[in-house]
>>> print(open('upload-v2.tsv').read())   # TSV, N, CA and C atoms
chain	number	residue	atom	x	y	z
A	232	MET	N	34.49	-102.15	-26.01
A	232	MET	CA	34.60	-100.73	-25.80
A	232	MET	C	34.60	-100.45	-24.30
A	233	LYS	N	35.44	-99.54	-23.87
A	233	LYS	CA	35.55	-99.21	-22.46
A	233	LYS	C	34.36	-98.35	-22.03
A	234	ARG	N	33.81	-98.67	-20.88
A	234	ARG	CA	32.72	-97.86	-20.33
A	234	ARG	C	33.34	-96.75	-19.48
A	235	TYR	N	32.81	-95.56	-19.64
A	235	TYR	CA	33.33	-94.42	-18.91
A	235	TYR	C	32.45	-94.13	-17.70
A	236	SER	N	33.08	-93.94	-16.57
A	236	SER	CA	32.35	-93.64	-15.35
A	236	SER	C	31.88	-92.19	-15.38
A	237	ARG	N	30.70	-91.97	-14.91
A	237	ARG	CA	30.17	-90.60	-14.83
A	237	ARG	C	30.60	-89.92	-13.54
A	238	ARG	N	31.28	-90.65	-12.66
A	238	ARG	CA	31.64	-90.10	-11.36
A	238	ARG	C	32.98	-89.38	-11.37
A	239	THR	N	33.79	-89.58	-12.38
A	239	THR	CA	35.10	-88.95	-12.40
A	239	THR	C	35.25	-88.10	-13.66
A	240	PHE	N	36.13	-87.15	-13.57
A	240	PHE	CA	36.43	-86.31	-14.73
A	240	PHE	C	37.23	-87.14	-15.72
A	241	ASP	N	36.76	-87.18	-16.94
A	241	ASP	CA	37.43	-87.99	-17.97
A	241	ASP	C	37.51	-87.17	-19.24
A	242	LEU	N	38.67	-86.62	-19.51
A	242	LEU	CA	38.86	-85.76	-20.67
A	242	LEU	C	38.57	-86.50	-21.97
A	243	LYS	N	38.96	-87.76	-22.03
A	243	LYS	CA	38.72	-88.54	-23.25
A	243	LYS	C	37.22	-88.66	-23.54
A	244	ALA	N	36.43	-88.91	-22.51
A	244	ALA	CA	34.98	-89.02	-22.69
A	244	ALA	C	34.38	-87.69	-23.14
A	245	ILE	N	34.91	-86.60	-22.60
A	245	ILE	CA	34.44	-85.27	-22.99
A	245	ILE	C	34.76	-85.00	-24.45
A	246	LEU	N	35.95	-85.37	-24.87
A	246	LEU	CA	36.36	-85.15	-26.26
A	246	LEU	C	35.54	-86.03	-27.22
A	247	ILE	N	35.23	-87.24	-26.80
A	247	ILE	CA	34.38	-88.11	-27.62
A	247	ILE	C	32.99	-87.49	-27.77
A	248	ALA	N	32.44	-87.01	-26.66
A	248	ALA	CA	31.12	-86.36	-26.70
A	248	ALA	C	31.16	-85.12	-27.58
A	249	LEU	N	32.25	-84.36	-27.50
A	249	LEU	CA	32.40	-83.18	-28.35
A	249	LEU	C	32.42	-83.57	-29.82
A	250	GLY	N	33.07	-84.68	-30.13
A	250	GLY	CA	33.08	-85.17	-31.52
A	250	GLY	C	31.69	-85.49	-32.02
A	251	PHE	N	30.88	-86.15	-31.19
A	251	PHE	CA	29.50	-86.45	-31.57
A	251	PHE	C	28.69	-85.16	-31.76
A	252	ALA	N	28.92	-84.21	-30.88
A	252	ALA	CA	28.21	-82.93	-30.99
A	252	ALA	C	28.58	-82.22	-32.29
A	253	MET	N	29.84	-82.24	-32.65
A	253	MET	CA	30.27	-81.61	-33.90
A	253	MET	C	29.66	-82.32	-35.10
A	254	GLN	N	29.58	-83.66	-35.05
A	254	GLN	CA	28.91	-84.40	-36.12
A	254	GLN	C	27.46	-83.97	-36.25
A	255	GLY	N	26.80	-83.74	-35.11
A	255	GLY	CA	25.42	-83.28	-35.14
A	255	GLY	C	25.27	-81.91	-35.74
A	256	LEU	N	26.19	-81.01	-35.41
A	256	LEU	CA	26.13	-79.66	-35.98
A	256	LEU	C	26.37	-79.69	-37.49
A	257	VAL	N	27.32	-80.49	-37.92
A	257	VAL	CA	27.60	-80.62	-39.36
A	257	VAL	C	26.40	-81.20	-40.08
A	258	ALA	N	25.79	-82.24	-39.50
A	258	ALA	CA	24.62	-82.85	-40.12
A	258	ALA	C	23.47	-81.85	-40.22
A	259	ALA	N	23.24	-81.08	-39.15
A	259	ALA	CA	22.18	-80.08	-39.17
A	259	ALA	C	22.46	-79.02	-40.23
A	260	TRP	N	23.71	-78.60	-40.34
A	260	TRP	CA	24.07	-77.59	-41.35
A	260	TRP	C	23.82	-78.12	-42.76
A	261	LYS	N	24.19	-79.37	-43.01
A	261	LYS	CA	24.04	-79.95	-44.34
A	261	LYS	C	22.59	-80.22	-44.71
A	262	ARG	N	21.78	-80.65	-43.74
A	262	ARG	CA	20.44	-81.17	-44.05
A	262	ARG	C	19.29	-80.23	-43.74
A	263	GLU	N	19.52	-79.21	-42.94
A	263	GLU	CA	18.41	-78.38	-42.47
A	263	GLU	C	18.59	-76.93	-42.91
A	264	ALA	N	17.77	-76.52	-43.86
A	264	ALA	CA	17.84	-75.14	-44.36
A	264	ALA	C	17.50	-74.14	-43.26
A	265	ALA	N	16.53	-74.47	-42.41
A	265	ALA	CA	16.14	-73.55	-41.34
A	265	ALA	C	17.31	-73.33	-40.38
A	266	PHE	N	18.05	-74.38	-40.06
A	266	PHE	CA	19.21	-74.23	-39.18
A	266	PHE	C	20.26	-73.33	-39.82
A	267	ARG	N	20.50	-73.52	-41.11
A	267	ARG	CA	21.47	-72.67	-41.80
A	267	ARG	C	21.02	-71.20	-41.77
A	268	GLN	N	19.75	-70.96	-42.03
A	268	GLN	CA	19.22	-69.60	-42.03
A	268	GLN	C	19.35	-68.96	-40.65
A	269	GLU	N	19.06	-69.75	-39.62
A	269	GLU	CA	19.14	-69.21	-38.26
A	269	GLU	C	20.59	-68.98	-37.85
A	270	CYS	N	21.50	-69.81	-38.31
A	270	CYS	CA	22.93	-69.56	-38.06
A	270	CYS	C	23.36	-68.27	-38.74
A	271	LEU	N	22.95	-68.09	-39.97
A	271	LEU	CA	23.32	-66.88	-40.71
A	271	LEU	C	22.70	-65.64	-40.08
A	272	MET	N	21.53	-65.80	-39.47
A	272	MET	CA	20.91	-64.69	-38.75
A	272	MET	C	21.86	-64.18	-37.66
A	273	GLY	N	22.62	-65.10	-37.07
A	273	GLY	CA	23.58	-64.71	-36.04
A	273	GLY	C	24.70	-63.83	-36.57
A	274	LEU	N	25.02	-63.96	-37.87
A	274	LEU	CA	26.04	-63.09	-38.45
A	274	LEU	C	25.62	-61.63	-38.41
A	275	VAL	N	24.33	-61.39	-38.34
A	275	VAL	CA	23.81	-60.03	-38.21
A	275	VAL	C	23.58	-59.68	-36.74
A	276	LEU	N	22.90	-60.59	-36.02
A	276	LEU	CA	22.47	-60.27	-34.66
A	276	LEU	C	23.62	-60.15	-33.66
A	277	VAL	N	24.61	-61.02	-33.74
A	277	VAL	CA	25.70	-60.97	-32.75
A	277	VAL	C	26.51	-59.67	-32.87
A	278	PRO	N	27.00	-59.31	-34.06
A	278	PRO	CA	27.71	-58.02	-34.15
A	278	PRO	C	26.81	-56.83	-33.79
A	279	LEU	N	25.53	-56.92	-34.17
A	279	LEU	CA	24.59	-55.84	-33.85
A	279	LEU	C	24.44	-55.68	-32.35
A	280	ALA	N	24.40	-56.78	-31.63
A	280	ALA	CA	24.29	-56.72	-30.16
A	280	ALA	C	25.51	-56.02	-29.57
A	281	PHE	N	26.70	-56.31	-30.11
A	281	PHE	CA	27.91	-55.66	-29.61
A	281	PHE	C	27.97	-54.18	-30.01
A	282	TYR	N	27.42	-53.86	-31.17
A	282	TYR	CA	27.44	-52.48	-31.65
A	282	TYR	C	26.45	-51.61	-30.88
A	283	LEU	N	25.28	-52.15	-30.59
A	283	LEU	CA	24.20	-51.35	-30.03
A	283	LEU	C	24.28	-51.15	-28.51
A	284	THR	N	24.96	-52.04	-27.81
A	284	THR	CA	25.03	-51.88	-26.36
A	284	THR	C	26.38	-52.33	-25.83
A	285	SER	N	26.80	-51.65	-24.77
A	285	SER	CA	28.02	-52.06	-24.09
A	285	SER	C	27.69	-52.80	-22.79
A	286	GLU	N	26.41	-52.93	-22.49
A	286	GLU	CA	25.96	-53.64	-21.29
A	286	GLU	C	26.11	-55.15	-21.48
A	287	PRO	N	26.94	-55.79	-20.67
A	287	PRO	CA	27.14	-57.24	-20.83
A	287	PRO	C	25.85	-58.05	-20.68
A	288	LEU	N	24.99	-57.67	-19.75
A	288	LEU	CA	23.76	-58.42	-19.53
A	288	LEU	C	22.82	-58.31	-20.74
A	289	LEU	N	22.73	-57.13	-21.31
A	289	LEU	CA	21.90	-56.96	-22.51
A	289	LEU	C	22.47	-57.74	-23.69
A	290	ARG	N	23.78	-57.70	-23.85
A	290	ARG	CA	24.40	-58.50	-24.90
A	290	ARG	C	24.10	-59.98	-24.71
A	291	PHE	N	24.23	-60.43	-23.47
A	291	PHE	CA	23.94	-61.83	-23.16
A	291	PHE	C	22.50	-62.18	-23.52
A	292	LEU	N	21.57	-61.31	-23.20
A	292	LEU	CA	20.16	-61.54	-23.51
A	292	LEU	C	19.92	-61.56	-25.02
A	293	LEU	N	20.45	-60.58	-25.72
A	293	LEU	CA	20.22	-60.47	-27.16
A	293	LEU	C	20.84	-61.64	-27.93
A	294	ILE	N	22.02	-62.04	-27.54
A	294	ILE	CA	22.66	-63.19	-28.19
A	294	ILE	C	22.05	-64.49	-27.69
A	295	GLY	N	21.67	-64.51	-26.43
A	295	GLY	CA	21.09	-65.71	-25.83
A	295	GLY	C	19.78	-66.15	-26.46
A	296	VAL	N	18.93	-65.20	-26.83
A	296	VAL	CA	17.66	-65.59	-27.46
A	296	VAL	C	17.90	-66.20	-28.84
A	297	TRP	N	18.93	-65.71	-29.53
A	297	TRP	CA	19.29	-66.32	-30.82
A	297	TRP	C	19.85	-67.72	-30.60
A	298	TRP	N	20.73	-67.86	-29.61
A	298	TRP	CA	21.33	-69.15	-29.29
A	298	TRP	C	20.24	-70.16	-28.92
A	299	TRP	N	19.26	-69.70	-28.13
A	299	TRP	CA	18.14	-70.57	-27.74
A	299	TRP	C	17.38	-71.05	-28.97
A	300	LEU	N	17.16	-70.19	-29.92
A	300	LEU	CA	16.49	-70.57	-31.16
A	300	LEU	C	17.26	-71.69	-31.86
A	301	LEU	N	18.58	-71.58	-31.90
A	301	LEU	CA	19.38	-72.64	-32.51
A	301	LEU	C	19.22	-73.97	-31.77
A	302	VAL	N	19.24	-73.93	-30.46
A	302	VAL	CA	19.10	-75.15	-29.66
A	302	VAL	C	17.75	-75.81	-29.94
A	303	VAL	N	16.69	-75.03	-29.94
A	303	VAL	CA	15.35	-75.58	-30.18
A	303	VAL	C	15.24	-76.11	-31.61
A	304	GLU	N	15.86	-75.43	-32.56
A	304	GLU	CA	15.86	-75.92	-33.94
A	304	GLU	C	16.57	-77.26	-34.05
A	305	LEU	N	17.66	-77.43	-33.34
A	305	LEU	CA	18.37	-78.71	-33.35
A	305	LEU	C	17.49	-79.83	-32.77
A	306	ILE	N	16.79	-79.53	-31.70
A	306	ILE	CA	15.89	-80.53	-31.12
A	306	ILE	C	14.77	-80.86	-32.10
A	307	ASN	N	14.20	-79.84	-32.72
A	307	ASN	CA	13.15	-80.05	-33.72
A	307	ASN	C	13.66	-80.91	-34.87
A	308	SER	N	14.85	-80.61	-35.35
A	308	SER	CA	15.42	-81.37	-36.47
A	308	SER	C	15.67	-82.82	-36.08
A	309	SER	N	16.10	-83.05	-34.85
A	309	SER	CA	16.34	-84.43	-34.43
A	309	SER	C	15.04	-85.21	-34.34
A	310	ILE	N	13.99	-84.58	-33.86
A	310	ILE	CA	12.68	-85.24	-33.81
A	310	ILE	C	12.19	-85.55	-35.21
A	311	GLU	N	12.30	-84.58	-36.11
A	311	GLU	CA	11.87	-84.81	-37.49
A	311	GLU	C	12.68	-85.94	-38.15
A	312	THR	N	13.96	-85.98	-37.88
A	312	THR	CA	14.82	-87.02	-38.46
A	312	THR	C	14.38	-88.41	-37.98
A	313	VAL	N	14.13	-88.55	-36.71
A	313	VAL	CA	13.72	-89.85	-36.17
A	313	VAL	C	12.35	-90.25	-36.72
A	314	VAL	N	11.40	-89.32	-36.73
A	314	VAL	CA	10.05	-89.63	-37.20
A	314	VAL	C	10.07	-89.99	-38.69
A	315	ASP	N	10.83	-89.26	-39.47
A	315	ASP	CA	10.88	-89.52	-40.91
A	315	ASP	C	11.57	-90.84	-41.25
A	316	ARG	N	12.24	-91.43	-40.30
A	316	ARG	CA	12.95	-92.70	-40.52
A	316	ARG	C	11.98	-93.87	-40.70
A	317	PHE	N	10.80	-93.77	-40.10
A	317	PHE	CA	9.84	-94.87	-40.14
A	317	PHE	C	9.06	-94.88	-41.44
A	318	ASP	N	8.87	-96.08	-41.98
A	318	ASP	CA	8.10	-96.22	-43.21
A	318	ASP	C	6.59	-96.23	-42.93
A	319	THR	N	6.21	-96.66	-41.74
A	319	THR	CA	4.79	-96.69	-41.40
A	319	THR	C	4.39	-95.35	-40.83
A	320	TYR	N	3.08	-95.09	-40.87
A	320	TYR	CA	2.57	-93.82	-40.36
A	320	TYR	C	1.81	-94.06	-39.07
A	321	HIS	N	1.97	-93.14	-38.16
A	321	HIS	CA	1.19	-93.14	-36.93
A	321	HIS	C	0.80	-91.69	-36.66
A	322	PRO	N	-0.45	-91.45	-36.23
A	322	PRO	CA	-0.89	-90.06	-35.99
A	322	PRO	C	-0.01	-89.29	-35.00
A	323	LEU	N	0.61	-90.00	-34.06
A	323	LEU	CA	1.46	-89.31	-33.10
A	323	LEU	C	2.75	-88.80	-33.73
A	324	PHE	N	3.15	-89.36	-34.87
A	324	PHE	CA	4.33	-88.84	-35.57
A	324	PHE	C	4.09	-87.38	-35.96
A	325	GLY	N	2.94	-87.14	-36.56
A	325	GLY	CA	2.60	-85.77	-36.96
A	325	GLY	C	2.48	-84.85	-35.76
A	326	THR	N	1.91	-85.37	-34.69
A	326	THR	CA	1.78	-84.57	-33.47
A	326	THR	C	3.14	-84.19	-32.92
A	327	ALA	N	4.05	-85.15	-32.88
A	327	ALA	CA	5.41	-84.87	-32.37
A	327	ALA	C	6.09	-83.80	-33.21
A	328	LYS	N	5.97	-83.92	-34.53
A	328	LYS	CA	6.61	-82.93	-35.41
A	328	LYS	C	5.96	-81.56	-35.25
A	329	ASP	N	4.64	-81.53	-35.09
A	329	ASP	CA	3.93	-80.25	-34.91
A	329	ASP	C	4.33	-79.58	-33.60
A	330	ILE	N	4.44	-80.36	-32.54
A	330	ILE	CA	4.81	-79.79	-31.25
A	330	ILE	C	6.24	-79.24	-31.31
A	331	ALA	N	7.14	-79.97	-31.94
A	331	ALA	CA	8.52	-79.50	-32.07
A	331	ALA	C	8.57	-78.22	-32.92
A	332	ALA	N	7.78	-78.18	-33.98
A	332	ALA	CA	7.72	-76.97	-34.81
A	332	ALA	C	7.15	-75.80	-34.02
A	333	ALA	N	6.18	-76.07	-33.16
A	333	ALA	CA	5.61	-75.01	-32.32
A	333	ALA	C	6.67	-74.46	-31.36
A	334	ALA	N	7.54	-75.33	-30.85
A	334	ALA	CA	8.61	-74.88	-29.97
A	334	ALA	C	9.57	-73.94	-30.72
A	335	VAL	N	9.86	-74.27	-31.96
A	335	VAL	CA	10.71	-73.39	-32.77
A	335	VAL	C	10.01	-72.06	-33.00
A	336	TRP	N	8.75	-72.11	-33.32
A	336	TRP	CA	7.99	-70.88	-33.59
A	336	TRP	C	7.95	-69.98	-32.35
A	337	LEU	N	7.68	-70.57	-31.18
A	337	LEU	CA	7.66	-69.78	-29.95
A	337	LEU	C	9.03	-69.19	-29.64
A	338	SER	N	10.07	-69.94	-29.90
A	338	SER	CA	11.43	-69.44	-29.70
A	338	SER	C	11.74	-68.28	-30.63
A	339	PHE	N	11.28	-68.40	-31.87
A	339	PHE	CA	11.47	-67.31	-32.83
A	339	PHE	C	10.69	-66.07	-32.41
A	340	LEU	N	9.45	-66.27	-31.95
A	340	LEU	CA	8.66	-65.12	-31.48
A	340	LEU	C	9.32	-64.45	-30.28
A	341	TRP	N	9.91	-65.25	-29.39
A	341	TRP	CA	10.61	-64.69	-28.25
A	341	TRP	C	11.81	-63.86	-28.71
A	342	LEU	N	12.55	-64.35	-29.70
A	342	LEU	CA	13.67	-63.60	-30.26
A	342	LEU	C	13.19	-62.26	-30.82
A	343	VAL	N	12.12	-62.31	-31.60
A	343	VAL	CA	11.58	-61.07	-32.19
A	343	VAL	C	11.12	-60.12	-31.11
A	344	PHE	N	10.44	-60.63	-30.10
A	344	PHE	CA	9.95	-59.79	-29.01
A	344	PHE	C	11.11	-59.11	-28.27
A	345	VAL	N	12.12	-59.88	-27.91
A	345	VAL	CA	13.25	-59.33	-27.15
A	345	VAL	C	13.99	-58.28	-27.97
A	346	TRP	N	14.26	-58.59	-29.24
A	346	TRP	CA	14.96	-57.62	-30.09
A	346	TRP	C	14.10	-56.39	-30.34
A	347	ALA	N	12.80	-56.55	-30.57
A	347	ALA	CA	11.92	-55.40	-30.79
A	347	ALA	C	11.87	-54.52	-29.54
A	348	TRP	N	11.75	-55.15	-28.37
A	348	TRP	CA	11.75	-54.39	-27.12
A	348	TRP	C	13.04	-53.60	-26.98
A	349	PHE	N	14.15	-54.23	-27.26
A	349	PHE	CA	15.45	-53.57	-27.13
A	349	PHE	C	15.57	-52.40	-28.11
A	350	LEU	N	15.24	-52.66	-29.38
A	350	LEU	CA	15.38	-51.60	-30.40
A	350	LEU	C	14.42	-50.44	-30.13
A	351	ILE	N	13.21	-50.74	-29.72
A	351	ILE	CA	12.25	-49.68	-29.39
A	351	ILE	C	12.76	-48.85	-28.22
A	352	SER	N	13.33	-49.53	-27.21
A	352	SER	CA	13.84	-48.80	-26.04
A	352	SER	C	15.02	-47.91	-26.41
A	353	ILE	N	15.79	-48.31	-27.39
A	353	ILE	CA	16.93	-47.47	-27.81
A	353	ILE	C	16.44	-46.27	-28.61
A	354	PHE	N	15.60	-46.52	-29.59
A	354	PHE	CA	15.21	-45.46	-30.52
A	354	PHE	C	14.07	-44.59	-30.00
A	355	ALA	N	13.44	-44.98	-28.90
A	355	ALA	CA	12.37	-44.17	-28.32
A	355	ALA	C	12.92	-43.05	-27.46
A	356	LYS	N	14.21	-43.09	-27.18
A	356	LYS	CA	14.82	-42.06	-26.31
A	356	LYS	C	14.97	-40.75	-27.01
>>> encode(input="upload-v2.tsv", output="structure tokens")
Amino acid sequence: MKRYSRRTFDLKAILIALGFAMQGLVAAWKREAAFRQECLMGLVLVPLAFYLTSEPLLRFLLIGVWWWLLVVELINSSIETVVDRFDTYHPLFGTAKDIAAAAVWLSFLWLVFVWAWFLISIFAK
């Protein structure tokens, strides 16, 4: 297999990496109910962000917190997948999964906080 240099622009390497990323998204969609639910949440939040504000920065923030939740969920799912692969148990396995779950929870709370702040600021006028 040819090794790709990181020093030059290589479209083929980018396309290969994109293929792996797409495989990861498909795997997360098939195997992770939480990821599917959070993706579907975007079907409501993204159009709502465009409907409720014409400010590009606010739209970026409102959609960005949802996007961040998806990223953290993918990281959490990858950690869970690796840990669940082992047949033996180690206490740090549970710790790793708990910490990753806490990251998802904090990301979700941030999404709720940002959207609540935005909605309150709109309807309090």
>>> select_by_dssp(input="upload-v2.tsv", residues="chain A", states="alpha helix (DSSP H)", output="ChimeraX atom specification")
/A:242-262,264-283,287-316,322-354
>>> residues_around(input="upload-v2.tsv", residues="stretch 320-337 of chain A", least_positions_apart="3", cutoff="10 Å", atoms="only C-alpha atoms", output="count of residues only")
22
>>> residues_around(input="upload-v2.tsv", residues="A:Ile294", least_positions_apart="2", cutoff="10 Å", atoms="only C-alpha atoms", output="ChimeraX atom specification")
/A:273,276-281,288-292,296-299,342,346
>>> atom_distance(input="upload-v2.tsv", atom1="atom CA of A:Glu269", atom2="atom CA of A:Tyr282")
19.8 Å
>>> atom_distance(input="upload-v2.tsv", atom1="atom CA of A:Phe349", atom2="atom N of A:Leu293")
8.7 Å
>>> atom_distance(input="upload-v2.tsv", atom1="atom C of A:Leu256", atom2="atom C of A:Thr239")
26.8 Å
>>> residues_around(input="upload-v2.tsv", residues="A:Ala258", least_positions_apart="3", cutoff="12 Å", atoms="only C-alpha atoms", output="NGL selection string")
:A and (251-255 or 261-264 or 266-267 or 305 or 308-309 or 312)
